[in-house]
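To start, the structure under review is shown below, and the notes come after it.
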Amino acid sequence: MATDSATASRGQWSTRGGFILAAAGSAVGLGNIWKFPYITGENGGGLFVLIYLVCIALIGLPIMIGELIIGRRAQRSPVGAFQKLRGEQTAWRIIGWMGVLAGFIILSYYSVVAGWTMNYVLMALTRFFSGKSPEEIGSAFGTLYTAWDINLFWHAAFMLTTIGIVLGGIKKGIEAWSRILMPALFLMMLVLLVDAVLQPGFGRAASFVFSPNADKLTPQGVLEALGHSFFTLSLGMGALLTYGSYLSKDRDLVGSSALISGLDTLVALAACLILFPIIFSQGMAAEAGPGLVFKSMPIAFSKMTGGVLLSILFFVLLFFAALSSAISLLEVVASSFIDQLDWTRRRAVLVTGSMIFLFGVPSALAGSGKLFPAWEKLVGKNFFDTFDYLASNWLLPLGGLAIAIFVGWVMPDDERREEFTRGSKLGALYPVWLVSVRFVAPIAITLLWLFSVEILPKHWLAPSGPGGH
Ligand code: PFF
């Protein structure tokens, strides 16, 4: 056990509310507002959403509880947490390092897309979209995507902002900023939602999101729903484990996890209910892919009354969501250097933040094809997609699997039971949770992973009904 003074010097959340806002900030990000609506659109809506909700409840939530249990028990970042619980030389520490690597890789390309959101805030503020034709707005995104210098500039600006916040530490940096960013985000979301309800396309959008429709759902879509439930809840790489390590012993982990995953899910659904009414009301298609937020939405804003104000709200919202997630990604990496190498926070944040910036340069240049143009020919994907594939399909699912096995099978029963039940009114759910981390989650993740890296052929999953290809 860490001594009280060692624990206190690592920093702690000042209140339960502060922790919830910071953890919800980690979960709510580009994954909710940029990615979830477009993959919902591509997969035909309702049924995909339903499968995603089942994945969150049966797999995501139990693993989130598991990460918080490990983190709070050990009061260490991922690598040190496994060492503290299983001994210095434990092989489990590799899982901790894998999480650090995942944080490093994800932030390197996440920052590039987050940089685009900063560019779009500026475009919205300068009324760039007003009076522009759909072609002009579409080609503006193309220009941004392919301009290496603009990408590099925003990547640097975003990383500097993230570094600045994480330098402030737990209470004064991460918690203080989460208290500003998250309420502002919820408020902006509410305004946009009210506006969306008033749009003529709202009814159609709501039935698109909520009524199960198997026509467009493919086996890949099922895998995508499971994989995305990991990414969106920030699971599998120790982000919530690290945030849990700053929790005091009397906080309720189960209720907090339910609240965090509930908020994350609400934001993802609200994002769909904001985007699709606008998209449908302007006669556009739901299947626009990754360009849904950066092309379709500005096109819709350019045609709407009040579009300038709405576009500012929307892109600031997206930027805030990205920033509060990026903070947690950098914190995982930096806190590991603080705990493992005894570095000061200042040194750890500056060194790891700069390394992540440098590692992200190839992703920032991916659209321009400027750096190693042969990469795409050799690997089949550009830098950006290569790293996203590596993190989402390998590191996060394997990390999540390891965490489920660790809390389910390796951790002594009295330790995990104590962490689960302490301060919680939901302690009676312990046996249900245990079945999930021991059996349901590991089996589901293993299957997902075998299919997604194509060790098992995807067509085995193909139903013969209307959902097949
Ligand atoms: N949950 C974030 C999102 O949905 O955008 C992404 C993320 C943040 C993944 C932090 C992993 C993580 F540790």
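Identifiers in the structure tokens: chain A, B, ... in order shown; residue index from 1 per chain; ligand index from 1 in order shown.
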A:Ala444 surroundings by only C-alpha atoms, 10 Å radius, close-in-sequence under 5 positions cut, as JSON, numbers by chain: {"A": [55, 58, 59, 226, 401, 439, 449]}
Considering only C-alpha atoms and all ligand atoms, tabulate each residue of chain A that lies at most 6 Å from ligand 1 along with its nearest interatomic pair and the corresponding distance in Å to one decimal; arrange the rows by chain and ascending residue number and present them as JSON lines.
{"residue": "A:Ser26", "atom": "CA", "partner": "ligand 1", "partner_atom_place_in_ligand_line": "8 (C)", "distance": 5.2}
{"residue": "A:Ala27", "atom": "CA", "partner": "ligand 1", "partner_atom_place_in_ligand_line": "1 (N)", "distance": 3.8}
{"residue": "A:Val28", "atom": "CA", "partner": "ligand 1", "partner_atom_place_in_ligand_line": "4 (O)", "distance": 5.1}
{"residue": "A:Gly29", "atom": "CA", "partner": "ligand 1", "partner_atom_place_in_ligand_line": "5 (O)", "distance": 3.3}
{"residue": "A:Leu30", "atom": "CA", "partner": "ligand 1", "partner_atom_place_in_ligand_line": "5 (O)", "distance": 3.9}
{"residue": "A:Gly31", "atom": "CA", "partner": "ligand 1", "partner_atom_place_in_ligand_line": "4 (O)", "distance": 3.3}
{"residue": "A:Asn32", "atom": "CA", "partner": "ligand 1", "partner_atom_place_in_ligand_line": "4 (O)", "distance": 5.2}
{"residue": "A:Phe231", "atom": "CA", "partner": "ligand 1", "partner_atom_place_in_ligand_line": "9 (C)", "distance": 4.8}
{"residue": "A:Thr232", "atom": "CA", "partner": "ligand 1", "partner_atom_place_in_ligand_line": "4 (O)", "distance": 3.5}
{"residue": "A:Leu233", "atom": "CA", "partner": "ligand 1", "partner_atom_place_in_ligand_line": "1 (N)", "distance": 4.9}
{"residue": "A:Ser234", "atom": "CA", "partner": "ligand 1", "partner_atom_place_in_ligand_line": "11 (C)", "distance": 3.6}
{"residue": "A:Met237", "atom": "CA", "partner": "ligand 1", "partner_atom_place_in_ligand_line": "13 (F)", "distance": 5.9}
{"residue": "A:Ala239", "atom": "CA", "partner": "ligand 1", "partner_atom_place_in_ligand_line": "13 (F)", "distance": 4.4}
{"residue": "A:Ser325", "atom": "CA", "partner": "ligand 1", "partner_atom_place_in_ligand_line": "8 (C)", "distance": 4.6}
{"residue": "A:Ser328", "atom": "CA", "partner": "ligand 1", "partner_atom_place_in_ligand_line": "10 (C)", "distance": 5.6}
{"residue": "A:Leu329", "atom": "CA", "partner": "ligand 1", "partner_atom_place_in_ligand_line": "13 (F)", "distance": 5.0}
Could those residues be written to a file, using N, CA and C atoms, as a short mmCIF file (atom, residue, chain, number, x, y, z; two decimals), in the first residue's frame?
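Output contents, as saved in part34.cif:
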data_model
loop_
_atom_site.label_atom_id
_atom_site.label_comp_id
_atom_site.auth_asym_id
_atom_site.auth_seq_id
_atom_site.Cartn_x
_atom_site.Cartn_y
_atom_site.Cartn_z
N SER A 26 -13.26 12.20 -20.35
CA SER A 26 -12.42 11.25 -21.08
C SER A 26 -13.28 10.43 -22.05
N ALA A 27 -14.41 9.98 -21.56
CA ALA A 27 -15.26 9.10 -22.38
C ALA A 27 -15.91 9.87 -23.54
N VAL A 28 -16.48 11.03 -23.22
CA VAL A 28 -17.18 11.79 -24.26
C VAL A 28 -16.15 12.51 -25.14
N GLY A 29 -16.09 12.14 -26.40
CA GLY A 29 -15.08 12.75 -27.25
C GLY A 29 -15.47 12.67 -28.71
N LEU A 30 -14.46 12.73 -29.57
CA LEU A 30 -14.72 12.64 -31.01
C LEU A 30 -15.46 11.35 -31.32
N GLY A 31 -15.20 10.32 -30.50
CA GLY A 31 -15.87 9.03 -30.70
C GLY A 31 -17.38 9.17 -30.63
N ASN A 32 -17.88 10.04 -29.77
CA ASN A 32 -19.33 10.19 -29.61
C ASN A 32 -19.95 11.07 -30.68
N PHE A 231 -13.80 1.99 -27.43
CA PHE A 231 -13.15 3.27 -27.71
C PHE A 231 -13.92 4.40 -27.03
N THR A 232 -15.24 4.36 -27.15
CA THR A 232 -16.04 5.47 -26.66
C THR A 232 -16.00 5.58 -25.14
N LEU A 233 -15.87 4.44 -24.44
CA LEU A 233 -15.80 4.51 -22.98
C LEU A 233 -14.37 4.66 -22.48
N SER A 234 -13.42 4.85 -23.39
CA SER A 234 -11.98 4.98 -23.04
C SER A 234 -11.46 3.75 -22.31
N MET A 237 -7.04 0.65 -22.08
CA MET A 237 -5.67 1.16 -22.08
C MET A 237 -5.31 1.83 -20.77
N ALA A 239 -6.92 4.27 -19.07
CA ALA A 239 -7.25 5.68 -18.81
C ALA A 239 -8.10 5.79 -17.55
N SER A 325 -10.99 14.55 -23.74
CA SER A 325 -10.52 13.17 -23.95
C SER A 325 -9.00 13.14 -24.10
N SER A 328 -7.00 13.02 -20.94
CA SER A 328 -6.86 11.72 -20.26
C SER A 328 -5.85 10.84 -20.98
N LEU A 329 -5.76 10.96 -22.28
CA LEU A 329 -4.77 10.16 -23.02
C LEU A 329 -3.36 10.57 -22.61
#
Using only C-alpha atoms for the distances, tell me which of A:Pro457, A:Gly45, A:Gly427, A:Gly99 is nearest to A:Phe210.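 Counting only C-alpha atoms, the residue closest to A:Phe210 is A:Gly45.
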At a cut-off of 12 Å, using only C-alpha atoms, what residues contact A:Phe186? Leave out same-chain residues fewer than 2 positions from it and give the result as a ChimeraX atom specification. /A:21,24-25,28,178-184,188-193,263-264,266-268,270-271,313-314,316-318,320-321
Nearest-residue call for A:Val197, choices A:Ala91, A:Leu160, A:Ile274, A:Ile174, using only C-alpha atoms: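 Closest to A:Val197, using only C-alpha atoms: A:Ile274.
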Please provide as a PDB file with C-alpha atoms, in the first residue's frame all residues within 9 Å of A:Leu53, with the sequence filter that same-chain residues fewer than 3 positions apart are discarded (counting only C-alpha atoms).
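The resulting result_8.pdb:
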ATOM      1  CA  PHE A  48     -26.859  -1.055 -34.860  1.00  0.00           C
ATOM      2  CA  VAL A  49     -27.671   1.349 -32.013  1.00  0.00           C
ATOM      3  CA  LEU A  50     -29.396  -1.443 -30.107  1.00  0.00           C
ATOM      4  CA  ILE A  56     -22.031  -1.011 -23.414  1.00  0.00           C
ATOM      5  CA  ALA A  57     -24.208  -2.639 -20.743  1.00  0.00           C
ATOM      6  CA  LEU A  58     -22.855  -6.198 -20.859  1.00  0.00           C
ATOM      7  CA  ALA A 225     -20.474  -1.730 -32.489  1.00  0.00           C
ATOM      8  CA  SER A 229     -18.084   0.587 -27.264  1.00  0.00           C
ATOM      9  CA  THR A 265     -24.261   6.953 -24.110  1.00  0.00           C
TER      10      THR A 265
END
Do you have the atom CA of A:Gly283-atom CA of A:Leu309 distance handy? 21.1 Å
Give me the residues within 12 Å of stretch 119-132 of chain A as a PyMOL selection string, counting only C-alpha atoms and dropping any in the same chain fewer than 5 places off. chain A and resi 112-114+137-141+143-145+150-155+157-158+293-320
Can you list every residue in stretch 207-362 of chain A that DSSP puts in helix (DSSP H, G or I), as a VMD selection string? chain A and resid 207 to 210 219 to 232 239 to 244 253 to 281 291 to 303 307 to 341 345 to 362
Could you produce a table of the residues of stretch 335-363 of chain A lying within 12 Å of stretch 72-75 of chain A, with the nearest pair of atoms per residue and their separation in Å rounded to one decimal, using only C-alpha atoms, ordered by chain and increasing residue number, as JSON lines?
{"residue": "A:Ser335", "atom": "CA", "partner": "A:Gln75", "partner_atom": "CA", "distance": 11.4}
{"residue": "A:Ser336", "atom": "CA", "partner": "A:Gln75", "partner_atom": "CA", "distance": 11.9}
{"residue": "A:Asp339", "atom": "CA", "partner": "A:Gln75", "partner_atom": "CA", "distance": 10.1}
Selected residues written out, N, CA and C atoms, as a PDB file, in the first residue's frame:
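The resulting file, result-v5.pdb, is reproduced below:
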ATOM      1  N   SER A 335       1.587  10.097 -16.433  1.00  0.00           N
ATOM      2  CA  SER A 335       1.580   9.605 -15.049  1.00  0.00           C
ATOM      3  C   SER A 335       2.402   8.326 -14.935  1.00  0.00           C
ATOM      4  N   SER A 336       2.503   7.563 -16.009  1.00  0.00           N
ATOM      5  CA  SER A 336       3.331   6.359 -15.964  1.00  0.00           C
ATOM      6  C   SER A 336       4.797   6.733 -15.830  1.00  0.00           C
ATOM      7  N   ASP A 339       5.212   7.885 -12.185  1.00  0.00           N
ATOM      8  CA  ASP A 339       5.230   6.787 -11.212  1.00  0.00           C
ATOM      9  C   ASP A 339       6.417   5.844 -11.411  1.00  0.00           C
TER      10      ASP A 339
END
Shell of 10 Å around A:Ser14, only C-alpha atoms, local chain residues under 4 positions omitted, as a PyMOL selection string: chain A and resi 18-19+170-172+175-176+246-248
Next, the residues of the selection above should be written as a PDB file, in the first residue's frame with N, CA and C atoms.
ATOM      1  N   GLY A  18     -16.147  16.129  -9.280  1.00  0.00           N
ATOM      2  CA  GLY A  18     -14.988  16.463 -10.102  1.00  0.00           C
ATOM      3  C   GLY A  18     -14.472  15.239 -10.844  1.00  0.00           C
ATOM      4  N   PHE A  19     -14.428  14.109 -10.119  1.00  0.00           N
ATOM      5  CA  PHE A  19     -13.986  12.865 -10.757  1.00  0.00           C
ATOM      6  C   PHE A  19     -14.949  12.455 -11.886  1.00  0.00           C
ATOM      7  N   ILE A 170      -3.727  17.131 -11.193  1.00  0.00           N
ATOM      8  CA  ILE A 170      -5.061  16.538 -11.090  1.00  0.00           C
ATOM      9  C   ILE A 170      -6.121  17.576 -10.719  1.00  0.00           C
ATOM     10  N   LYS A 171      -5.935  18.216  -9.592  1.00  0.00           N
ATOM     11  CA  LYS A 171      -6.976  19.156  -9.131  1.00  0.00           C
ATOM     12  C   LYS A 171      -7.001  20.430  -9.954  1.00  0.00           C
ATOM     13  N   LYS A 172      -5.809  21.050 -10.098  1.00  0.00           N
ATOM     14  CA  LYS A 172      -5.799  22.384 -10.708  1.00  0.00           C
ATOM     15  C   LYS A 172      -5.799  22.341 -12.226  1.00  0.00           C
ATOM     16  N   GLU A 175      -9.056  18.426 -13.252  1.00  0.00           N
ATOM     17  CA  GLU A 175     -10.378  18.583 -12.635  1.00  0.00           C
ATOM     18  C   GLU A 175     -10.943  19.987 -12.878  1.00  0.00           C
ATOM     19  N   ALA A 176     -10.105  20.997 -12.702  1.00  0.00           N
ATOM     20  CA  ALA A 176     -10.589  22.366 -12.876  1.00  0.00           C
ATOM     21  C   ALA A 176     -11.105  22.587 -14.294  1.00  0.00           C
ATOM     22  N   TYR A 246      -6.662   8.137  -8.583  1.00  0.00           N
ATOM     23  CA  TYR A 246      -6.724   9.406  -7.839  1.00  0.00           C
ATOM     24  C   TYR A 246      -7.994   9.504  -7.003  1.00  0.00           C
ATOM     25  N   LEU A 247      -8.682   8.360  -6.840  1.00  0.00           N
ATOM     26  CA  LEU A 247      -9.926   8.351  -6.068  1.00  0.00           C
ATOM     27  C   LEU A 247      -9.643   7.954  -4.634  1.00  0.00           C
ATOM     28  N   SER A 248     -10.363   8.559  -3.700  1.00  0.00           N
ATOM     29  CA  SER A 248     -10.189   8.129  -2.321  1.00  0.00           C
ATOM     30  C   SER A 248     -11.036   6.884  -2.083  1.00  0.00           C
TER      31      SER A 248
END
Hey, what's within 12 Å of A:Lys84 if we count only C-alpha atoms and toss same-chain stuff fewer than 5 positions away? As a ChimeraX atom specification, please? /A:1-2,70-79,89-90,92-93,96,339-340,411
Requested write-out: C-alpha atoms of the selected residues, as a PDB file, in the first residue's frame:
ATOM      1  CA  MET A   1       0.000   0.000   0.000  1.00  0.00           C
ATOM      2  CA  ALA A   2       1.229   3.502  -0.731  1.00  0.00           C
ATOM      3  CA  ILE A  70      -7.535  -1.937 -10.100  1.00  0.00           C
ATOM      4  CA  GLY A  71      -6.656   1.755 -10.161  1.00  0.00           C
ATOM      5  CA  ARG A  72      -8.123   2.632  -6.804  1.00  0.00           C
ATOM      6  CA  ARG A  73      -6.746  -0.461  -5.103  1.00  0.00           C
ATOM      7  CA  ALA A  74      -3.209   0.218  -6.327  1.00  0.00           C
ATOM      8  CA  GLN A  75      -3.245   4.040  -6.369  1.00  0.00           C
ATOM      9  CA  ARG A  76      -0.856   3.859  -9.317  1.00  0.00           C
ATOM     10  CA  SER A  77      -0.916   4.410 -13.091  1.00  0.00           C
ATOM     11  CA  PRO A  78      -1.249   1.196 -15.188  1.00  0.00           C
ATOM     12  CA  VAL A  79       2.292  -0.245 -15.097  1.00  0.00           C
ATOM     13  CA  GLN A  89       8.514  -8.519 -11.832  1.00  0.00           C
ATOM     14  CA  THR A  90       4.977  -9.556 -12.732  1.00  0.00           C
ATOM     15  CA  TRP A  92       1.119  -8.197 -16.021  1.00  0.00           C
ATOM     16  CA  ARG A  93       3.185  -5.024 -16.161  1.00  0.00           C
ATOM     17  CA  GLY A  96       0.350  -1.608 -18.331  1.00  0.00           C
ATOM     18  CA  ASP A 339       5.230   6.787 -11.212  1.00  0.00           C
ATOM     19  CA  GLN A 340       7.795   4.518 -12.898  1.00  0.00           C
ATOM     20  CA  MET A 411      -7.200 -10.548  -8.122  1.00  0.00           C
TER      21      MET A 411
END
Selected residue of minimal separation from A:Gly11 among A:Ser108, A:Thr218, A:Ser211, A:Thr242, counting only C-alpha atoms: A:Thr242
